[in-house]
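As provided, data.pdb (PDB, C-alpha atoms) reads as follows.
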```
ATOM      1  CA  MET A  18     123.054  66.292 119.043
ATOM      2  CA  GLY A  19     121.468  68.844 121.427
ATOM      3  CA  ILE A  20     122.438  69.447 125.024
ATOM      4  CA  VAL A  21     118.881  68.921 126.335
ATOM      5  CA  SER A  22     117.076  65.656 125.636
ATOM      6  CA  SER A  23     113.573  65.910 124.184
ATOM      7  CA  GLY A  24     112.031  64.621 127.418
ATOM      8  CA  PHE A  25     112.876  67.889 129.169
ATOM      9  CA  LEU A  26     111.104  70.020 126.605
ATOM     10  CA  GLY A  27     107.611  68.929 127.672
ATOM     11  CA  ARG A  28     104.556  69.134 125.452
ATOM     12  CA  ARG A  29     104.975  71.388 122.425
ATOM     13  CA  ARG A  30     103.259  74.722 122.985
ATOM     14  CA  ASN A  31     100.028  75.105 121.032
ATOM     15  CA  ASP A  32     100.041  78.406 119.144
ATOM     16  CA  ASP A  33      96.520  78.054 117.717
ATOM     17  CA  PRO A  34      94.534  81.007 119.135
ATOM     18  CA  ARG A  35      91.408  78.809 119.278
ATOM     19  CA  VAL A  36      93.007  76.561 121.912
ATOM     20  CA  PRO A  37      92.771  77.835 125.509
ATOM     21  CA  PRO A  38      95.803  77.767 127.831
ATOM     22  CA  GLY A  39      96.727  74.330 129.131
ATOM     23  CA  GLN A  40      94.860  72.565 126.307
ATOM     24  CA  TYR A  41      95.986  70.603 123.247
ATOM     25  CA  ALA A  42      94.034  70.041 120.026
ATOM     26  CA  THR A  43      92.922  66.530 119.126
ATOM     27  CA  ASP A  44      91.269  65.069 116.044
ATOM     28  CA  GLY A  45      89.619  62.361 118.132
ATOM     29  CA  PHE A  46      86.603  62.621 120.415
ATOM     30  CA  PRO A  47      87.587  61.007 123.751
ATOM     31  CA  VAL A  48      84.757  59.409 125.719
ATOM     32  CA  LEU A  49      84.700  60.349 129.406
ATOM     33  CA  SER A  50      81.755  59.670 131.713
ATOM     34  CA  ALA A  51      81.079  59.687 135.438
ATOM     35  CA  GLY A  52      79.262  56.342 135.260
ATOM     36  CA  PRO A  53      77.766  53.772 132.889
ATOM     37  CA  THR A  54      76.182  54.935 129.637
ATOM     38  CA  PRO A  55      72.392  55.142 129.976
ATOM     39  CA  ARG A  56      70.416  53.780 127.014
ATOM     40  CA  ILE A  57      67.352  55.997 126.512
ATOM     41  CA  SER A  58      65.047  55.365 123.591
ATOM     42  CA  LYS A  59      63.695  58.378 121.750
ATOM     43  CA  GLU A  60      60.190  57.205 122.640
ATOM     44  CA  ASP A  61      61.053  57.407 126.353
ATOM     45  CA  TRP A  62      63.148  60.584 126.167
ATOM     46  CA  ALA A  63      61.728  63.893 127.359
ATOM     47  CA  PHE A  64      63.211  67.254 128.277
ATOM     48  CA  THR A  65      61.752  69.412 131.036
ATOM     49  CA  ILE A  66      62.315  72.845 132.527
ATOM     50  CA  THR A  67      60.990  73.303 136.055
ATOM     51  CA  ASN A  68      60.599  76.854 137.312
ATOM     52  CA  GLU A  69      60.529  78.233 140.851
ATOM     53  CA  THR A  70      56.791  77.659 141.290
ATOM     54  CA  GLY A  71      57.102  74.013 140.303
ATOM     55  CA  ASP A  72      55.564  74.535 136.871
ATOM     56  CA  VAL A  73      57.062  72.045 134.421
ATOM     57  CA  ARG A  74      57.368  72.615 130.686
ATOM     58  CA  ARG A  75      57.915  69.263 128.967
ATOM     59  CA  TRP A  76      58.870  68.318 125.421
ATOM     60  CA  SER A  77      58.674  64.785 124.035
ATOM     61  CA  TRP A  78      61.150  63.742 121.354
ATOM     62  CA  SER A  79      58.705  64.531 118.529
ATOM     63  CA  GLU A  80      57.791  67.897 120.096
ATOM     64  CA  PHE A  81      61.478  68.682 120.540
ATOM     65  CA  LEU A  82      62.267  67.909 116.877
ATOM     66  CA  ALA A  83      59.323  70.072 115.763
ATOM     67  CA  LEU A  84      60.988  73.149 117.315
ATOM     68  CA  PRO A  85      63.277  75.399 115.233
ATOM     69  CA  GLN A  86      66.591  73.591 114.719
ATOM     70  CA  GLU A  87      70.023  75.216 114.512
ATOM     71  CA  ASP A  88      73.311  74.031 113.050
ATOM     72  CA  VAL A  89      76.236  74.921 115.300
ATOM     73  CA  SER A  90      79.931  74.877 114.437
ATOM     74  CA  THR A  91      82.067  75.354 117.535
ATOM     75  CA  ASP A  92      85.192  74.343 119.418
ATOM     76  CA  ILE A  93      84.852  72.250 122.578
ATOM     77  CA  HIS A  94      87.265  72.001 125.507
ATOM     78  CA  CYS A  95      87.499  69.208 128.079
ATOM     79  CA  VAL A  96      88.840  69.800 131.584
ATOM     80  CA  THR A  97      91.217  66.862 130.993
ATOM     81  CA  SER A  98      93.125  69.182 128.592
ATOM     82  CA  TRP A  99      91.931  68.173 125.120
ATOM     83  CA  SER A 100      90.201  70.555 122.728
ATOM     84  CA  LYS A 101      88.363  69.553 119.560
ATOM     85  CA  LEU A 102      88.129  72.348 117.015
ATOM     86  CA  GLY A 103      85.386  73.028 114.479
ATOM     87  CA  THR A 104      82.867  70.469 115.716
ATOM     88  CA  SER A 105      79.438  70.358 114.025
ATOM     89  CA  TRP A 106      76.196  69.933 115.946
ATOM     90  CA  ARG A 107      72.443  70.272 115.377
ATOM     91  CA  GLY A 108      69.890  70.995 118.042
ATOM     92  CA  VAL A 109      67.507  73.436 119.679
ATOM     93  CA  ALA A 110      68.726  76.673 121.234
ATOM     94  CA  LEU A 111      67.974  77.139 124.921
ATOM     95  CA  ASP A 112      66.597  80.543 123.871
ATOM     96  CA  THR A 113      63.827  78.688 122.019
ATOM     97  CA  LEU A 114      63.007  76.482 125.013
ATOM     98  CA  PHE A 115      63.083  79.311 127.552
ATOM     99  CA  ALA A 116      60.725  81.391 125.399
ATOM    100  CA  GLU A 117      58.028  79.107 126.840
ATOM    101  CA  VAL A 118      59.183  79.326 130.479
ATOM    102  CA  ASP A 119      58.370  82.008 133.047
ATOM    103  CA  THR A 120      61.182  82.449 135.592
ATOM    104  CA  THR A 121      62.956  85.135 137.568
ATOM    105  CA  PHE A 122      65.669  82.804 138.932
ATOM    106  CA  GLU A 123      69.219  83.210 137.610
ATOM    107  CA  TYR A 124      70.681  79.723 138.075
ATOM    108  CA  THR A 125      69.954  76.251 136.770
ATOM    109  CA  MET A 126      70.818  72.683 137.614
ATOM    110  CA  ALA A 127      71.040  70.387 134.599
ATOM    111  CA  HIS A 128      69.809  66.853 135.238
ATOM    112  CA  SER A 129      70.669  63.792 133.172
ATOM    113  CA  TYR A 130      69.343  60.294 132.749
ATOM    114  CA  GLY A 131      71.624  58.245 134.992
ATOM    115  CA  GLY A 132      71.646  60.847 137.781
ATOM    116  CA  TYR A 133      74.397  63.248 136.663
ATOM    117  CA  THR A 134      73.968  66.939 137.512
ATOM    118  CA  THR A 135      75.839  70.145 136.741
ATOM    119  CA  ASN A 136      75.117  73.778 137.567
ATOM    120  CA  VAL A 137      75.019  76.498 134.886
ATOM    121  CA  PRO A 138      73.989  80.141 135.328
ATOM    122  CA  LEU A 139      70.953  80.956 133.174
ATOM    123  CA  ALA A 140      72.904  83.777 131.483
ATOM    124  CA  ASP A 141      75.279  81.114 130.095
ATOM    125  CA  LEU A 142      72.411  79.241 128.458
ATOM    126  CA  LEU A 143      70.780  82.176 126.658
ATOM    127  CA  ASP A 144      71.671  84.651 123.907
ATOM    128  CA  GLY A 145      72.906  81.980 121.498
ATOM    129  CA  LYS A 146      75.326  80.382 123.959
ATOM    130  CA  ALA A 147      73.791  76.920 124.484
ATOM    131  CA  TRP A 148      71.719  74.194 122.837
ATOM    132  CA  VAL A 149      70.176  70.813 123.465
ATOM    133  CA  ALA A 150      71.994  68.918 120.705
ATOM    134  CA  HIS A 151      70.838  65.680 119.101
ATOM    135  CA  SER A 152      73.232  65.388 116.143
ATOM    136  CA  PHE A 153      77.003  65.425 115.742
ATOM    137  CA  ASP A 154      78.768  65.564 112.357
ATOM    138  CA  GLY A 155      75.470  64.998 110.575
ATOM    139  CA  GLU A 156      74.629  61.793 112.470
ATOM    140  CA  ASP A 157      72.407  61.031 115.452
ATOM    141  CA  LEU A 158      74.359  61.675 118.632
ATOM    142  CA  ALA A 159      75.850  58.357 119.770
ATOM    143  CA  PRO A 160      74.953  57.162 123.293
ATOM    144  CA  GLU A 161      78.596  57.334 124.455
ATOM    145  CA  HIS A 162      78.621  61.034 123.523
ATOM    146  CA  GLY A 163      75.327  61.743 125.281
ATOM    147  CA  GLY A 164      72.670  60.641 122.795
ATOM    148  CA  PRO A 165      69.884  60.873 122.187
ATOM    149  CA  ALA A 166      70.475  64.484 123.344
ATOM    150  CA  ARG A 167      72.969  66.406 125.426
ATOM    151  CA  LEU A 168      73.434  69.931 126.632
ATOM    152  CA  LEU A 169      75.957  71.887 124.540
ATOM    153  CA  VAL A 170      77.558  74.847 126.336
ATOM    154  CA  PRO A 171      80.779  75.199 124.315
ATOM    155  CA  HIS A 172      82.182  78.321 125.985
ATOM    156  CA  LEU A 173      82.555  76.382 129.266
ATOM    157  CA  TYR A 174      84.536  73.205 129.960
ATOM    158  CA  PHE A 175      82.714  70.247 128.484
ATOM    159  CA  TRP A 176      81.601  68.706 131.794
ATOM    160  CA  LYS A 177      78.989  71.504 131.789
ATOM    161  CA  SER A 178      77.573  70.090 128.527
ATOM    162  CA  ALA A 179      75.653  67.376 130.367
ATOM    163  CA  LYS A 180      75.290  64.113 128.460
ATOM    164  CA  TRP A 181      71.873  62.367 128.312
ATOM    165  CA  VAL A 182      70.237  65.574 129.480
ATOM    166  CA  SER A 183      66.707  65.217 130.822
ATOM    167  CA  GLY A 184      65.981  68.705 132.079
ATOM    168  CA  LEU A 185      66.820  71.922 133.849
ATOM    169  CA  GLN A 186      65.680  73.008 137.284
ATOM    170  CA  MET A 187      65.617  76.717 138.079
ATOM    171  CA  LEU A 188      67.470  77.702 141.262
ATOM    172  CA  PRO A 189      67.490  80.927 143.320
ATOM    173  CA  GLN A 190      71.246  80.626 143.906
ATOM    174  CA  ASP A 191      74.167  78.695 142.497
ATOM    175  CA  GLN A 192      74.507  75.149 143.828
ATOM    176  CA  PRO A 193      77.166  72.553 142.968
ATOM    177  CA  GLY A 194      76.387  69.597 140.748
ATOM    178  CA  PHE A 195      78.152  66.231 140.651
ATOM    179  CA  TRP A 196      81.679  67.264 139.627
ATOM    180  CA  GLU A 197      81.437  70.607 141.404
ATOM    181  CA  GLN A 198      80.807  68.741 144.689
ATOM    182  CA  ASN A 199      83.926  66.702 143.914
ATOM    183  CA  GLY A 200      86.385  69.560 143.484
ATOM    184  CA  TYR A 201      85.648  71.002 140.046
ATOM    185  CA  ASN A 202      85.230  74.752 139.596
ATOM    186  CA  MET A 203      81.700  76.112 140.008
ATOM    187  CA  TYR A 204      81.884  77.945 136.662
ATOM    188  CA  GLY A 205      84.495  76.313 134.402
ATOM    189  CA  ASP A 206      85.812  78.940 131.980
ATOM    190  CA  PRO A 207      88.535  77.251 129.860
ATOM    191  CA  TRP A 208      90.138  80.585 128.963
ATOM    192  CA  LYS A 209      90.751  81.238 132.666
ATOM    193  CA  GLU A 210      91.687  77.595 133.356
ATOM    194  CA  GLN A 211      88.901  77.295 135.926
ATOM    195  CA  ARG A 212      89.337  73.557 136.287
ATOM    196  CA  TYR A 213      89.165  72.991 140.033
ATOM    197  CA  TRP A 214      88.419  74.836 143.273
TER     198      TRP A 214
END
```

Structure translated into structure tokens:
Amino acid sequence: MGIVSSGFLGRRRNDDPRVPPGQYATDGFPVLSAGPTPRISKEDWAFTITNETGDVRRWSWSEFLALPQEDVSTDIHCVTSWSKLGTSWRGVALDTLFAEVDTTFEYTMAHSYGGYTTNVPLADLLDGKAWVAHSFDGEDLAPEHGGPARLLVPHLYFWKSAKWVSGLQMLPQDQPGFWEQNGYNMYGDPWKEQRYW
């Protein structure tokens, strides 16, 4: 019998180098949302990017699926401390979408069906860092996980990967979205534990 009871030892340290500090790996996929799950049919879904002049580039579901598709294997990290390793997604790179958009602004606000917003610098959406994903583990993305499509920005905490994404608005300066207005960090790097202000 040891001198210290197991309750004093806390959570076992995670030595997997893929897991950021303060996180633990899970095999599940917890569902966390800021409100009720919107139900958007693929026929009604569209994705838009609005630039600084008000020009809007819009893709319907069929136009979106006709774009070059990428398979992405990546780890994801939630601000609530869970990490899911080796997840598999399919979608369209933001590089592909922004190839059709003229902008000089450096910040974006992601908008979702249901009213959710989150800010992401444009540099964090380009150069193979982000996608609009429509499939998870070879299946259509379930509504509770953001289907029919969600933003996927895996190098930032997962609240930046806006579920039910409907578009991006270009901004001249960084502005807080929903969780950022409620105390979350403006950037959200899991390796620096940028959870809150």

Residues of segment 96-116 of chain A at most 6 Å from segment 149-173 of chain A: nearest atom pair and distance in Å, all atoms listed in the file, as JSON lines:
```
{"residue": "A:Ser105", "atom": "CA", "partner": "A:Asp154", "partner_atom": "CA", "distance": 5.1}
{"residue": "A:Trp106", "atom": "CA", "partner": "A:Phe153", "partner_atom": "CA", "distance": 4.6}
{"residue": "A:Arg107", "atom": "CA", "partner": "A:Ser152", "partner_atom": "CA", "distance": 5.0}
{"residue": "A:Gly108", "atom": "CA", "partner": "A:Ala150", "partner_atom": "CA", "distance": 4.0}
{"residue": "A:Val109", "atom": "CA", "partner": "A:Val149", "partner_atom": "CA", "distance": 5.3}
```

- Task: Taking the file above as input, evaluate the PyMOL selection byres ((chain A and resi 47-64) around 7) and report the hits as a list in words.
- Result: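 What the PyMOL selection byres ((chain A and resi 47-64) around 7) grabs from the file is Gly45, Phe46, Thr65, Arg75, Trp76, Ser77, Trp78, Tyr130, Gly131, Pro160, Glu161, His162, Pro165, Ser183 and Gly184 of chain A.
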
- Of the residues A:Leu102, A:Leu111, A:Ala140, A:Val96, which is the one nearest to Arg35 of chain A, using all atoms listed in the file? A:Leu102

- Message: Between A:Glu210, A:Glu123, A:Asp44, A:Asp144, which residue has the minimum interatomic distance to Asp191 of chain A, considering all atoms listed in the file?
- Response: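 Of all the options, A:Glu123 lies closest to Asp191 of chain A.
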
- Message: For a quick check of understanding, using only C-alpha atoms, which of A:Gln186, A:Thr97, A:Thr70, A:Ser79 has the smallest distance to Arg212 of chain A?
- Response: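 Counting only C-alpha atoms, the residue closest to Arg212 of chain A is A:Thr97.
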
- Message: Residues within 9 Å of Val118 of chain A, please, as JSON, numbers by chain. Count all atoms listed in the file; anything in the same chain fewer than 3 positions from it doesn't count.
- Response: {"A": [66, 67, 68, 72, 73, 74, 114, 115]}

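Going from atom CA of Trp99 of chain A to atom CA of Gln86 of chain A covers 27.9 Å.
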
- Message: Considering only C-alpha atoms, can you say which of A:Tyr174, A:Phe122, A:Tyr41, A:Tyr133 comes closest to Trp208 of chain A?
- Response: A:Tyr174

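Closest approach to Asp206 of chain A among A:Phe81, A:Trp176, A:Tyr124, A:Trp148: A:Trp176, based on all atoms listed in the file.
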
- Nearest to Asn202 of chain A by atom-to-atom distance, counting only C-alpha atoms, from A:Asn136, A:Ser178, A:Thr113, A:Ser100: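 Closest candidate: A:Asn136.
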
- One decimal place gives the atom CA of Pro38 of chain A-atom CA of Lys209 of chain A separation as 7.8 Å

- Query: When you draw a straight line from atom CA of Pro37 of chain A to atom CA of Asp88 of chain A, how long is it in Å?
  - Reply: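 Here the two named atoms are 23.4 Å from each other.
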
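This file gives the following result for the PyMOL selection byres ((chain A and resi 135) around 8): Met126, Ala127, His128, Tyr133, Thr134, Asn136, Val137, Trp176, Lys177, Ala179, Pro193, Gly194, Phe195, Trp196 and Glu197 of chain A.
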